[in-house]
Each structure stands twice: as C-alpha cells, then as structure tokens.
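Scroll down for the structure; my scribbles are underneath it.
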Amino acid sequence: MANKIKWLLVYIVFSFIWIIVTDNLIVFINIPTDIHLIFQNMKGILFVIFTSIFIYYLILKKEAYEKEKEEKNKLHILINCMVDFVNFKDGEGRWTKANEFALKLFNIEHVDYKGKKDSDLAKYSEFFRDALRYCEISDEEAWLKGEVSRCIEEIKMPDGTMKTFDTIKIPIFDDETGSRKELVVMGRDVTDRIAAERKLAESEQRYKSLFEFNPALVYMIDLKGRLTNVNDHFFKYTGYEKDAYLQKSIISLIAEHDRSRVHEAYLNVIRENKPWINEEIEMVSKDKLKKMLRCTAVPMIINDETVGVIGYAVDITKEKETEELLLKTEKLSVIGELAASVAHEIRNPLTSLKGFVQILQTSSKENQMYYNIMLDELERINIIASELLVLAKPQQIQFQKRNINELLTNVKSLLESEANLYGAELEVITNEQLPLIDCEPNQLKQLFINIIKNSIEASSNKIMVNVERFDKEHICIQFTDNGCGIDQERLKHLGEPFYSMKEKGTGLGLTVSYRIVEFHKGKIDFKSKVNEGTTVSLFLPIKK
C-alpha cells in the first residue's frame, strides 16, 4: 500500500512541476502570439507522452509485481504441500522462508522466524534447542564445502523416538562478489525407510545364514530348469564347483533311473505348486560315486507368482549303508539263533548215521558206490552244521599282535595246491613295512580262505592278493581275480545267509566272513563286473 501511495505522489508532483514550469517559461521568454498556440500544443503532447511512459512503466511494474506475487504464492503452496523439511536462509544464516513442516518439526509455528538465526529460534523451542544450534554448525560446514552436500541427521522427538532425515544443503554465492547469498536446506524424513531397510538387511542376513550355513545342500532352480543359486555344499555333494552348473540344468548329475521321476516332480512343483517332500534319489558325483539324497522341493512364489523352485537335499548314503548293515546283522542274529538249535540236533543223529554206513561199508563189498555217496553227503551235512555252529556259539575273541604277511603266507601254502588243481595261479604280494595288527589269527585265516576259495571256484586263472597301508589307523588287503564276476543285482545280497550262486553252496561262507569282519571292527567291500573279475577290499584296524 505504501508503495502505491509513493508512486501516486510522484505522479502528482511531476504533473504540477510540469504545468507551472512550462507556463512560466512561456511568459518568461515572451513567446509571440502566433506560435504561442503551437507551443501549448507541443507542451500538451509532451505531457501526454511522459504520462503514457510513466503509466506504461507502472503497468509493467504491476505485472511484474503480480507475477512475482503469483510465483511466491506458488512457491508457498509448493513448499507447504511437501512432506519434506524446507528452509531458506540468507548469507548470514537468517531464516527467510520455511514451510509448515519445518515450523512444526521444531515447534516454532507461533514464532515470527523471518530474520532470525537458528540460535535465536532456539530460545523459543526448549526441547529442540540443541538441535537448532547444531544446525548452525552443519550449515557452516555446507558453506565451507561450497557445493551441494548431503548428510543423514537424526533428531530426537518429544515422545522419545528418533527421526532420521536425509538432508540436502545447497549454498548459493553471488556471481560477482563471490559472497554468501542464500542457503537452501531440504530434509526428507526417511525414518520409516531406514527402519524398513534395516529389517530388510536383517532378513537378508538371516536368509543368507540359512542358505549359506545350512548343513544340507540348498538350491534354487528357475522356470527353465536352470540352477540359479546353490550353497557351497554343492562341491561336497557333487565334486563340481558350483560355478560349473550355475544357469545350467543339473539333470545330468541324477542317476538315469531317477531322471524321469525328478523331472515329473519339478513340473508338478512349478505348475501345480505341489511340494515334493523327503523323496529319495540317487546322484552320481564327479568321481562316479553314487550317493543317495533325500530331497525336498517347494515352489518359490513372489507376488503371488511362481518364479522357480527352492529346496534342500540331505546325503543319506551312510544312513542307507547303515540300514543295509543292520539288516544283514539282524539276519545274522536270526541265523545264529536258528543255528544254535538246529546244529546240535543235526550232529547227534548224523554221527549215528555215519557210523552205521561205515559198518555196512566194511561188512559188505556190494554197493560200495552207494556207501561212498552216502558218506560224502553226510560229510557235506557235517560241514554245514559246523558253519552253523560258528555263527551260533558266542565268540570269545583273544586278540593278538600278529604279522598280516605271515597269516597271508600261511593261507597261500594251504590253498596253493587247490588253486593249481583248478588251473589258477595264486600270488600274494607282502609288505614288510606294515606294523603288527591286533587280530584273532585263526578267524582271519578262515576269512582269507573263504575269499580265495570263492575266487578259485569262480573259474579264475589269476588270483592276486596285495596288502598295503590304507591310512594311519587301517591296513587294506585286496583280493583280485579275473573270474566270471558277479552281476550288480546279486552283489547286493552277498553275505546274506543261504544266498549262494554256487550249485551246492549254502551262502554261509560269506555270512561267516562278514561276522569275522564285524568282530574285528573292519569293513569289506566287493566290486565286480561280469566276465571281467572281482575285487574284494578288506579294511582292518591296526589297533583293537
């Protein structure tokens, strides 16, 4: 309003001066009457021109003022609509403009803040006094940097919580003098975002711990059947580095007889969201070893959309081996109980029968062929009963320190003639550097005899026995022949009582052999190929 009155007074004063000065000038210079009218017209025209210019200038200034006012109004509306802290300060740090968010934040809505510094406003806000004073220190740092700066600031609120602001400070300098002109401060409340990021980071850390440090093999597969992520146990399970199979299919690692079942289960998971839980599959590792895995796979769903499969696998190879061992042990226990009652019942009448046959044989020269057959069959029954007794009677093993080379040499001398009879060459390669082992020598001899006799009877013409140190605690004895071999299906049943591939075999020989190995806390392993031969690996502990 004052500005408008000022311009009105200027116009009135200018008009009076113009009229008085021009009229007096006409009188003073004594203008002739004939040009007096012309001069008056010229004076009027000039007045109109000057007045027009003055009015035009006022109109332009008003338009500029209105435009500036409109822009200020827009700026006011804009910054007050913002959910951010917005503050303008001059070069001396005095507040020139602030939005409502800033005023409410520091609880100074009732204060005439314009022209006041942060330290001045601190007097009006007791709780935020320290925060406002710190603003001056932070502003000075922004001025010294001389460029747009960004920082994270925390402000304690009256309710005890902390608000976190992502603050941007823009220092503006005068182009000519380089002096401080204005500082623009904007701060966004990122408290919720920081909390969400922290929770996300914690969640990711828990996920990473669950994924990376899980004792099981954890894997992820996409909709194209490619491995997208897997933990480091992949190497332990497969022998391959995980990078070798990332973004590739792992179906080649699964045994052929399980591939179709695994593929069907994968399709059920991604198409029908049907989980695949605790299913057993066989996997072939890089070194061609077969491992049994118990697998679980579930759909990986993001935003209600299936994007892949996530699951885990547990190696149950040892568990399966233990189950098979327990099954064999249980069968041995059953056969032992059966043998205890059967063997004695057989041997008593057997002795009587054998005696009467021998009497008949000596008293009569007729039917000698039949007597011989009867005696041979009775002797076979006696051998079976003897093997049953080995399983039945309690084994009181007296361990001794013995040289394994000596035991193998003794066995060779016993069986060499029988091997030659069948056209087989028996070779025993000893190792004098091996230590003495704790064992029951007679049982080990029986074990060696059973294994070598099986090789002889398998039509072998070359049988090699090799003994070496396996590790610090075990020795390994390998029996290798080039006989007829054993197919994989029958290989699974070796050691089971009464399971034999021989025409007149009882299967008790290997059953006794397994029992001897068990007594010595060792391990026996068979590897064989039909028409190529068999290798029996026997692992025995050095110390009891």
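Here's how to read the names in the structure tokens: chain A, B, ... by the order shown, residue numbers from 1 in each chain, ligand numbers from 1 in the order shown.
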
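For range 93-125 of chain A, backbone-based DSSP labels the following residues as strand (DSSP E or B): A:Trp95, A:Thr96, A:Lys97, A:Ala98.
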
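With only C-alpha atoms taken into account, the protein and nucleic acid residues at most 6 Å from range 189-197 of chain A (excluding it and anything under 6 positions from it in its own chain) are Lys163, Thr164 and Phe165 of chain A.
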
Store the residues picked out above, limited to all heavy atoms, as a tab-separated table (two decimals), in the first residue's frame.
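Result file selection.tsv:
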```tsv
chain	number	residue	atom	x	y	z
A	163	LYS	N	13.86	-39.39	14.80
A	163	LYS	CA	13.53	-39.21	13.40
A	163	LYS	C	14.81	-39.01	12.60
A	163	LYS	O	15.69	-38.25	13.01
A	163	LYS	CB	12.58	-38.04	13.19
A	163	LYS	CG	11.13	-38.36	13.50
A	163	LYS	CD	10.21	-37.28	13.00
A	163	LYS	CE	8.74	-37.64	13.21
A	163	LYS	NZ	8.33	-38.79	12.40
A	164	THR	N	14.90	-39.69	11.49
A	164	THR	CA	16.08	-39.62	10.65
A	164	THR	C	15.76	-38.84	9.38
A	164	THR	O	14.75	-39.13	8.71
A	164	THR	CB	16.58	-41.03	10.28
A	164	THR	OG1	16.78	-41.79	11.47
A	164	THR	CG2	17.88	-40.97	9.50
A	165	PHE	N	16.61	-37.85	9.05
A	165	PHE	CA	16.37	-37.01	7.88
A	165	PHE	C	17.54	-37.13	6.91
A	165	PHE	O	18.72	-37.08	7.31
A	165	PHE	CB	16.21	-35.54	8.28
A	165	PHE	CG	14.90	-35.24	8.96
A	165	PHE	CD1	14.78	-35.40	10.33
A	165	PHE	CD2	13.81	-34.83	8.23
A	165	PHE	CE1	13.58	-35.13	10.96
A	165	PHE	CE2	12.61	-34.56	8.85
A	165	PHE	CZ	12.49	-34.71	10.23
```

Which of range 119-165 of chain A counts as helix (DSSP H, G or I) under DSSP, as a list in words please?
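Helix (DSSP H, G or I) members of range 119-165 of chain A, listed: Ser119, Asp120, Leu121, Ala122, Lys123, Tyr124, Arg129, Asp130, Ala131, Leu132, Arg133, Tyr134, Cys135, Glu136, Ile137, Ser138, Asp139, Glu140, Glu141, Ala142, Trp143, Leu144 and Lys145 of chain A.
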
Please identify all polymer residues within 12 Å of Pro215 in chain A, counting only C-alpha atoms, omitting same-chain residues fewer than 5 positions from it, and present them as an MDAnalysis selection string.
chainID A and resid 209:210 231:234 236:237 312:315

Contacts of Asn454 in chain A at 12 Å (only C-alpha atoms; same-chain gap of 3+ positions) as number ranges by chain
A: 415, 418-419, 422, 424, 447-451, 457-460, 463, 479-486, 494, 500-502, 505, 507, 509-510, 513, 533-536

So how many Å separate CA of Gln358 in chain A and CA of Ile373 in chain A, to one decimal?
11.7 Å

Rounded to one decimal in Å, what is the spacing between CA of Ile281 in chain A and CA of Leu293 in chain A?
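CA of Leu293 in chain A lies 5.4 Å from CA of Ile281 in chain A.
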
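Proximity to Phe399 in chain A was assessed for A:Ile542, A:Val512, A:Ile5, A:Leu378 counting only C-alpha atoms; the smallest distance is recorded for A:Ile542.
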
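Those residues that approach range 277-279 of chain A to within 6 Å, counting only C-alpha atoms, are Arg294, Cys295 and Thr296 of chain A; same-chain residues fewer than 6 positions away are not listed.
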
Residues near Asp166 in chain A, cut-off 6 Å, only C-alpha atoms, skip fewer than 2 positions along chain, as a PDB file with N, CA and C atoms, in the first residue's frame:
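See out13.pdb below for the written result:
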```
ATOM      1  N   ILE A 152      23.032 -37.457   6.613  1.00  0.00           N
ATOM      2  CA  ILE A 152      21.954 -38.069   7.384  1.00  0.00           C
ATOM      3  C   ILE A 152      21.987 -37.462   8.781  1.00  0.00           C
ATOM      4  N   GLY A 187      15.167 -31.374   3.823  1.00  0.00           N
ATOM      5  CA  GLY A 187      15.364 -32.627   4.551  1.00  0.00           C
ATOM      6  C   GLY A 187      14.148 -33.536   4.443  1.00  0.00           C
ATOM      7  N   ARG A 188      14.370 -34.777   4.046  1.00  0.00           N
ATOM      8  CA  ARG A 188      13.263 -35.737   3.919  1.00  0.00           C
ATOM      9  C   ARG A 188      13.298 -36.718   5.089  1.00  0.00           C
TER      10      ARG A 188
END
```

For each of A:Cys135, A:Leu253, A:Val465, A:Ala216, take the minimum atom-to-atom distance to Arg94 in chain A, counting only C-alpha atoms, then give the residue where this is smallest.
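With only C-alpha atoms as the atom set, the closest residue is A:Cys135.
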
Excluding range 174-183 of chain A and residues on its chain fewer than 2 positions from it, collect all residues at most 7 Å away from it, counting only C-alpha atoms, and give them as a PDB file with N, CA, C and O atoms, in the first residue's frame.
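part.pdb written:
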```
ATOM      1  N   PHE A  88      14.833 -21.707   3.783  1.00  0.00           N
ATOM      2  CA  PHE A  88      15.714 -20.797   3.051  1.00  0.00           C
ATOM      3  C   PHE A  88      16.353 -19.852   4.053  1.00  0.00           C
ATOM      4  O   PHE A  88      15.680 -19.288   4.927  1.00  0.00           O
ATOM      5  N   LYS A  89      17.667 -19.670   3.908  1.00  0.00           N
ATOM      6  CA  LYS A  89      18.399 -18.767   4.801  1.00  0.00           C
ATOM      7  C   LYS A  89      19.269 -17.840   3.967  1.00  0.00           C
ATOM      8  O   LYS A  89      19.735 -18.221   2.893  1.00  0.00           O
ATOM      9  N   ASP A  90      19.502 -16.641   4.489  1.00  0.00           N
ATOM     10  CA  ASP A  90      20.365 -15.715   3.753  1.00  0.00           C
ATOM     11  C   ASP A  90      21.817 -16.041   4.044  1.00  0.00           C
ATOM     12  O   ASP A  90      22.140 -17.012   4.747  1.00  0.00           O
ATOM     13  N   GLY A  91      22.719 -15.210   3.518  1.00  0.00           N
ATOM     14  CA  GLY A  91      24.148 -15.477   3.683  1.00  0.00           C
ATOM     15  C   GLY A  91      24.613 -15.424   5.115  1.00  0.00           C
ATOM     16  O   GLY A  91      25.677 -15.962   5.446  1.00  0.00           O
ATOM     17  N   LYS A 169      21.846 -29.691   1.422  1.00  0.00           N
ATOM     18  CA  LYS A 169      22.100 -28.259   1.628  1.00  0.00           C
ATOM     19  C   LYS A 169      22.773 -27.700   0.386  1.00  0.00           C
ATOM     20  O   LYS A 169      23.783 -28.233  -0.088  1.00  0.00           O
ATOM     21  N   ILE A 170      22.147 -26.611  -0.131  1.00  0.00           N
ATOM     22  CA  ILE A 170      22.627 -26.008  -1.390  1.00  0.00           C
ATOM     23  C   ILE A 170      23.070 -24.573  -1.109  1.00  0.00           C
ATOM     24  O   ILE A 170      22.230 -23.668  -0.947  1.00  0.00           O
ATOM     25  N   PRO A 171      24.378 -24.319  -1.049  1.00  0.00           N
ATOM     26  CA  PRO A 171      24.862 -22.940  -0.851  1.00  0.00           C
ATOM     27  C   PRO A 171      24.886 -22.173  -2.179  1.00  0.00           C
ATOM     28  O   PRO A 171      25.324 -22.708  -3.193  1.00  0.00           O
ATOM     29  N   ILE A 172      24.388 -20.928  -2.170  1.00  0.00           N
ATOM     30  CA  ILE A 172      24.364 -20.100  -3.388  1.00  0.00           C
ATOM     31  C   ILE A 172      25.192 -18.847  -3.122  1.00  0.00           C
ATOM     32  O   ILE A 172      24.977 -18.146  -2.124  1.00  0.00           O
ATOM     33  N   VAL A 185      17.935 -25.383   2.360  1.00  0.00           N
ATOM     34  CA  VAL A 185      18.038 -26.621   3.146  1.00  0.00           C
ATOM     35  C   VAL A 185      16.767 -27.438   2.938  1.00  0.00           C
ATOM     36  O   VAL A 185      15.662 -26.934   3.148  1.00  0.00           O
TER      37      VAL A 185
END
```

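In this model, the gap between CA of Ile250 in chain A and CA of Val218 in chain A comes to 13.5 Å.
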
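Using only C-alpha atoms, the smallest distance between any of A:Phe356, A:Phe101, A:Tyr219, A:Phe50 and Met300 in chain A comes from A:Tyr219.
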